[in-house]
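Down below is the structure, laid out as structure tokens.
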Amino acid sequence: MPVATSPGRRGSLLSDPQARAWIFQVVAVAAVVAFGWFLFHNTQANLQHRGITSGFGFLDNAAGFGITQHLIDYSESDSYGRVFWVGLLNTLLVSVIGIILATVLGFVLGIARLSSNWLIRQLATAYIEVFRNIPPLLQIFFWYFAVIGPLPGPRDSLSLGNLIFLNNRGVQMPAPSASEAYGPFMLALLAALVLVVLLSRWARARRLATGERFPVFWSSLALVVAIPGACVLLFGSPVNWSVPELQRFNIRGGWVVIPELVSIVMALAIYTAAFIGETVRSGIQAVSGGQTEAAASLGLRHGQVLRLVVIPQALRVIVPPLTSQYLNLTKNSSLAAAIGYPDMVSLFAGTVLNQTGQAIETMAITMSVYLAISLSISLLMNAYNARIALVER
Amino acid sequence: MDTHVFKPDQPAPALSVGPLGWLRANLFSGWFNTLLTLLGLYLVWQIVPPLIDWAFIEADWRGETRADCSREGACWVFVGERFGQFMYGFYPQDQRWRVDLAVLLAVVGAAPLFVAAFRHKLRYGLAFLLVYPLLAWWLLHGGFLGLIAVPTSQWGGLMLTLVIAAVGIAGALPLGILLALGRRSDLPAIKVLCVTFIEFWRGVPLITVLFMSSVMLPLFLPEGMNLDKLLRAMLMVILFEAAYIAEVVRGGLQAIPKGQYEAAQAMGLGYWRMMGLVVLPQALKLVIPGIVNTFIALFKDTSLVIIIGLFDFLNSIKRATADPAWLGMSTEGYVFAAVVYWIFCFGISRYSQRLERRLETGHRH
């Protein structure tokens, strides 16, 4: 009688791990493909039924609607393709301003959380606990409907030294434009920067060769201030300021920041800063106290300890979560759609979709923009992580 | 023989102990710190008294109409008058006890899970997860066993927010764990599928996903088949947050030393038992803070369903502030909303910190 355990007779295909792995994968892939085909098939049928032709041809058609804020020239007769760029730039504008503000505020908060001053520590904690636990959309609504909405009209604007005006149409502030002295000024600035680079290289080489120090920071600062400063004295100011002026019913001139932009930037910067603050705090705390003590016992001064020992190690911990906060802010900028700021989502997935009915194309374009931003940043992040990762045994 | 009598100790300098010492060490240790303290005090002075004045002292609490708000401060009459709408949306007045009962049952039913001495948490929890949703569906939606039907289009307010959040959490956690296991899997096809899924959902904002659910899902489904708006939103929230949970859980899986896997295999455990009995219990414990943070994010994200026109808590407040009879009440409305959201989020985060401390077994990897 044959023995059941003989190598030639496996019980069944299912008890062979390798075969099982194959079967499992084939089934999974087949299920996904079948599901995809199901969706595709339905979509085809539905589109045919509704008489929608798919394709990206609609991008060349005239849009025919106005946009309240466009960073590039735009008029109603421009194409949907142009609308895409307007929306993308508006999204990036919110993100960039928001990221800058949130970073500054966040670092201040993170450091304040570790302050030796009890009151400052408590204030920073209170800020973080309050703002990170309130939905960003609610904060946007608050700024838009409860803060900017009830502001007085342009005639009774709140003004800061008659330069910046605040009213229910947003913020009006002086706008710079290049004057004749702009070119010389930029040249002077460039020259100063080149000199600074050369100087620091020379100082470094000399320090390595002789051990003598050179006050690089102060002399660079002097260079950067003195050369362009001299240029301003010679040729005059590099920019002309167009200052907003209060007229009978309105304010003319200057830059107008629409209320939607103000609300979103304020809300997102304040919200994200709370998270950045926590990131910065945990990054600094992750550098062990022994590092600071060791650096001090080597004779480094307080500033050097921070610059050469603590910050480089803290950054290793801070940068990855920091970038993901930046990504979050960029993605949250899509909340703009809820108050009608003309960003990528509200322009493209909103207005263009409604006008053309090309649901699949517009959604695909909108989502791929965000996907592209996210994926490229996470690729960069992976590269950065690989470069700075601790080499462990 | 003379004995030397020690003089009694001098008291410590008055400035270095007691309240004065504390003040000096923590608030006035040097000119810079003193400056910061004064700045901080100024900030507090600028913010706190006016806020208390507005919210409590100068506020109107009693009345029925806008005209009853005559004082300088907040008009809480507005919130009081609209409270029912904020909590239940358009849920029929005489049926609201059903929502209350469902919440009560959830609280009472889940309570044993939070009692440390209760032994059969896992079994009880699973049973609760199986029974409660059916019970809640019967209570909230009804339409059978003696309760009249309340269609989801009438759901709203805080109740809708809680429903979306609860379903989202209950759906996203298991799906997220499966995705994380898939991403760490040895099977290339499974891994690629999971990675694609996770990266896609993490790369797009929730708003676009919700937009997609309202404009593209009808195209994807066979003709005539239509999913309920609420169901679509919940589905999208689950898929979206599962991707984030997956990344959090993956972090925990990566932190478990290889020896644990190998030891489990050496004991003859198969894949599912190795994961379920050895790896996941340790990994999940490590990532409790991350999972809770994702839950909090999910709770805050439920406010986005406003985009597809669901009347969640935030939307019901937004609608109420646009009511001509109550114009100019935005501040009161949004402050009330902020306080409610804050209590939930802050409460969850505090609870997770307690849980973390309780589960701390001392050894870190």
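In the structure tokens, each chain is lettered A, B, ... as it comes, each chain's residues begin at 1, and ligands are numbered from 1 in order of appearance.
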For this session: Pull out every residue of chain B sitting within 6 Å of chain A, counting only C-alpha atoms, and send them as a ChimeraX atom specification.
Result: /B:26-27,189,203-205,219-222,300,330-331,338,341-342,345
Exercise. Taking only C-alpha atoms into account, which of B:Arg202, B:His141, B:Lys229, B:Arg183 comes nearest B:Gln254?
Worked result: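 The closest residue to B:Gln254 is B:Arg183.
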Exercise. When you draw a straight line from atom CA of B:Leu113 to atom CA of B:Gly125, how long is it in Å?
Worked result: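 A separation of 6.9 Å between them.
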For this session: For A:Gln172, list every protein, DNA or RNA residue within 7 Å, evaluated using only C-alpha atoms, and leave out those in the same chain fewer than 5 positions away; present the list as a ChimeraX atom specification.
Result: /A:164-166,244,254-257
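From atom CA of B:Ala325 back to atom CA of B:Ala67, the distance works out to 9.9 Å.
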For this session: Would you return as a list in words the members of stretch 49-100 of chain A that DSSP assigns to alpha helix (DSSP H) on this structure's backbone?
Result: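 Taking stretch 49-100 of chain A and keeping alpha helix (DSSP H) gives His49, Arg50, Tyr80, Gly81, Arg82, Val83, Phe84, Trp85, Val86, Gly87, Leu88, Leu89, Asn90, Thr91, Leu92, Leu93, Val94, Ser95, Val96, Ile97, Gly98, Ile99 and Ile100 of chain A.
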Problem set entry | Pairwise distance for atom CA of B:Met87 and atom CA of B:Met159, rounded to one decimal in Å | 5.9 Å
Exercise. Quick one: residues within 9 Å of B:Val79, only C-alpha atoms counted, chain neighbours fewer than 6 positions away excluded, as a ChimeraX atom specification?
Worked result: /B:86,332-333,336
Selection file, C-alpha atoms, as an mmCIF file, in the first residue's frame:
```cif
data_model
loop_
_atom_site.group_PDB
_atom_site.id
_atom_site.type_symbol
_atom_site.label_atom_id
_atom_site.label_comp_id
_atom_site.auth_asym_id
_atom_site.auth_seq_id
_atom_site.Cartn_x
_atom_site.Cartn_y
_atom_site.Cartn_z
ATOM 1 C CA PHE B 86 -27.767 71.176 14.974
ATOM 2 C CA GLU B 332 -21.750 82.352 17.648
ATOM 3 C CA GLY B 333 -22.528 79.467 15.304
ATOM 4 C CA PHE B 336 -20.266 76.627 19.080
#
```
For this session: Go through B:Val215, B:Leu51, B:Leu130, B:Leu140 and flag the residue nearest A:Glu361, using only C-alpha atoms for the distances.
Result: B:Val215
To test your reading of the structure, identify every residue in stretch 104-293 of chain A that backbone DSSP assigns to strand (DSSP E), and report it as a tab-separated table (two decimals) with N, CA and C atoms, in the first residue's frame.
```
chain	number	residue	atom	x	y	z
A	158	LEU	N	-10.67	99.41	7.79
A	158	LEU	CA	-9.67	99.53	8.84
A	158	LEU	C	-8.34	99.71	8.12
A	159	SER	N	-7.54	100.66	8.55
A	159	SER	CA	-6.28	100.83	7.84
A	159	SER	C	-5.11	100.78	8.79
A	160	LEU	N	-4.00	100.30	8.26
A	160	LEU	CA	-2.75	100.28	9.03
A	160	LEU	C	-1.88	101.37	8.44
A	164	ILE	N	-2.08	99.75	4.39
A	164	ILE	CA	-2.80	98.49	4.21
A	164	ILE	C	-4.23	98.70	4.67
A	165	PHE	N	-5.18	98.31	3.81
A	165	PHE	CA	-6.59	98.49	4.15
A	165	PHE	C	-7.27	97.14	4.28
A	166	LEU	N	-8.11	97.06	5.28
A	166	LEU	CA	-8.80	95.81	5.55
A	166	LEU	C	-10.29	96.09	5.49
A	167	ASN	N	-11.01	95.39	4.61
A	167	ASN	CA	-12.45	95.57	4.56
A	167	ASN	C	-13.10	94.30	4.04
A	170	GLY	N	-11.64	92.22	1.23
A	170	GLY	CA	-10.33	91.62	1.36
A	170	GLY	C	-9.32	92.61	1.90
A	171	VAL	N	-8.08	92.40	1.48
A	171	VAL	CA	-6.99	93.25	1.96
A	171	VAL	C	-6.40	93.99	0.77
A	172	GLN	N	-6.24	95.31	0.93
A	172	GLN	CA	-5.55	96.08	-0.10
A	172	GLN	C	-4.21	96.52	0.45
A	173	MET	N	-3.16	96.20	-0.30
A	173	MET	CA	-1.85	96.61	0.21
A	173	MET	C	-1.00	97.17	-0.91
A	175	ALA	N	1.54	97.76	-3.77
A	175	ALA	CA	2.10	96.81	-4.72
A	175	ALA	C	3.41	97.32	-5.24
A	176	PRO	N	4.45	96.50	-5.19
A	176	PRO	CA	5.72	96.95	-5.74
A	176	PRO	C	5.75	96.75	-7.25
A	177	SER	N	6.43	97.65	-7.95
A	177	SER	CA	6.72	97.39	-9.36
A	177	SER	C	8.13	97.89	-9.62
A	178	ALA	N	8.79	97.30	-10.61
A	178	ALA	CA	10.19	97.59	-10.83
A	178	ALA	C	10.37	99.02	-11.36
A	239	VAL	N	12.27	99.69	-6.43
A	239	VAL	CA	10.85	99.43	-6.73
A	239	VAL	C	10.04	100.69	-6.51
A	240	ASN	N	9.00	100.81	-7.29
A	240	ASN	CA	8.01	101.86	-7.04
A	240	ASN	C	6.85	101.22	-6.31
A	241	TRP	N	6.34	101.89	-5.32
A	241	TRP	CA	5.19	101.34	-4.59
A	241	TRP	C	3.93	102.03	-5.08
A	242	SER	N	2.99	101.21	-5.49
A	242	SER	CA	1.69	101.78	-5.81
A	242	SER	C	0.83	101.61	-4.58
A	245	GLU	N	-5.31	103.98	-2.45
A	245	GLU	CA	-5.83	105.24	-1.96
A	245	GLU	C	-7.33	105.15	-1.76
A	246	LEU	N	-7.77	105.73	-0.68
A	246	LEU	CA	-9.19	105.71	-0.37
A	246	LEU	C	-9.87	106.77	-1.22
A	251	ILE	N	-11.50	101.70	-2.97
A	251	ILE	CA	-10.07	101.91	-2.79
A	251	ILE	C	-9.40	101.56	-4.10
A	252	ARG	N	-8.59	102.46	-4.59
A	252	ARG	CA	-7.93	102.24	-5.87
A	252	ARG	C	-6.46	101.96	-5.67
A	255	TRP	N	-2.24	96.21	-4.39
A	255	TRP	CA	-2.63	94.82	-4.59
A	255	TRP	C	-3.92	94.55	-3.84
A	256	VAL	N	-4.81	93.84	-4.47
A	256	VAL	CA	-6.03	93.44	-3.78
A	256	VAL	C	-5.96	91.95	-3.52
A	257	VAL	N	-6.00	91.59	-2.26
A	257	VAL	CA	-6.03	90.17	-1.91
A	257	VAL	C	-7.48	89.83	-1.62
```
For this session: Would you kindly return, as an MDAnalysis selection string, each protein, DNA or RNA residue with an atom no farther than 8 Å from any atom of stretch 58-63 of chain B, considering only C-alpha atoms and excluding same-chain residues fewer than 4 positions away?
Result: chainID B and resid 53:54 68:77
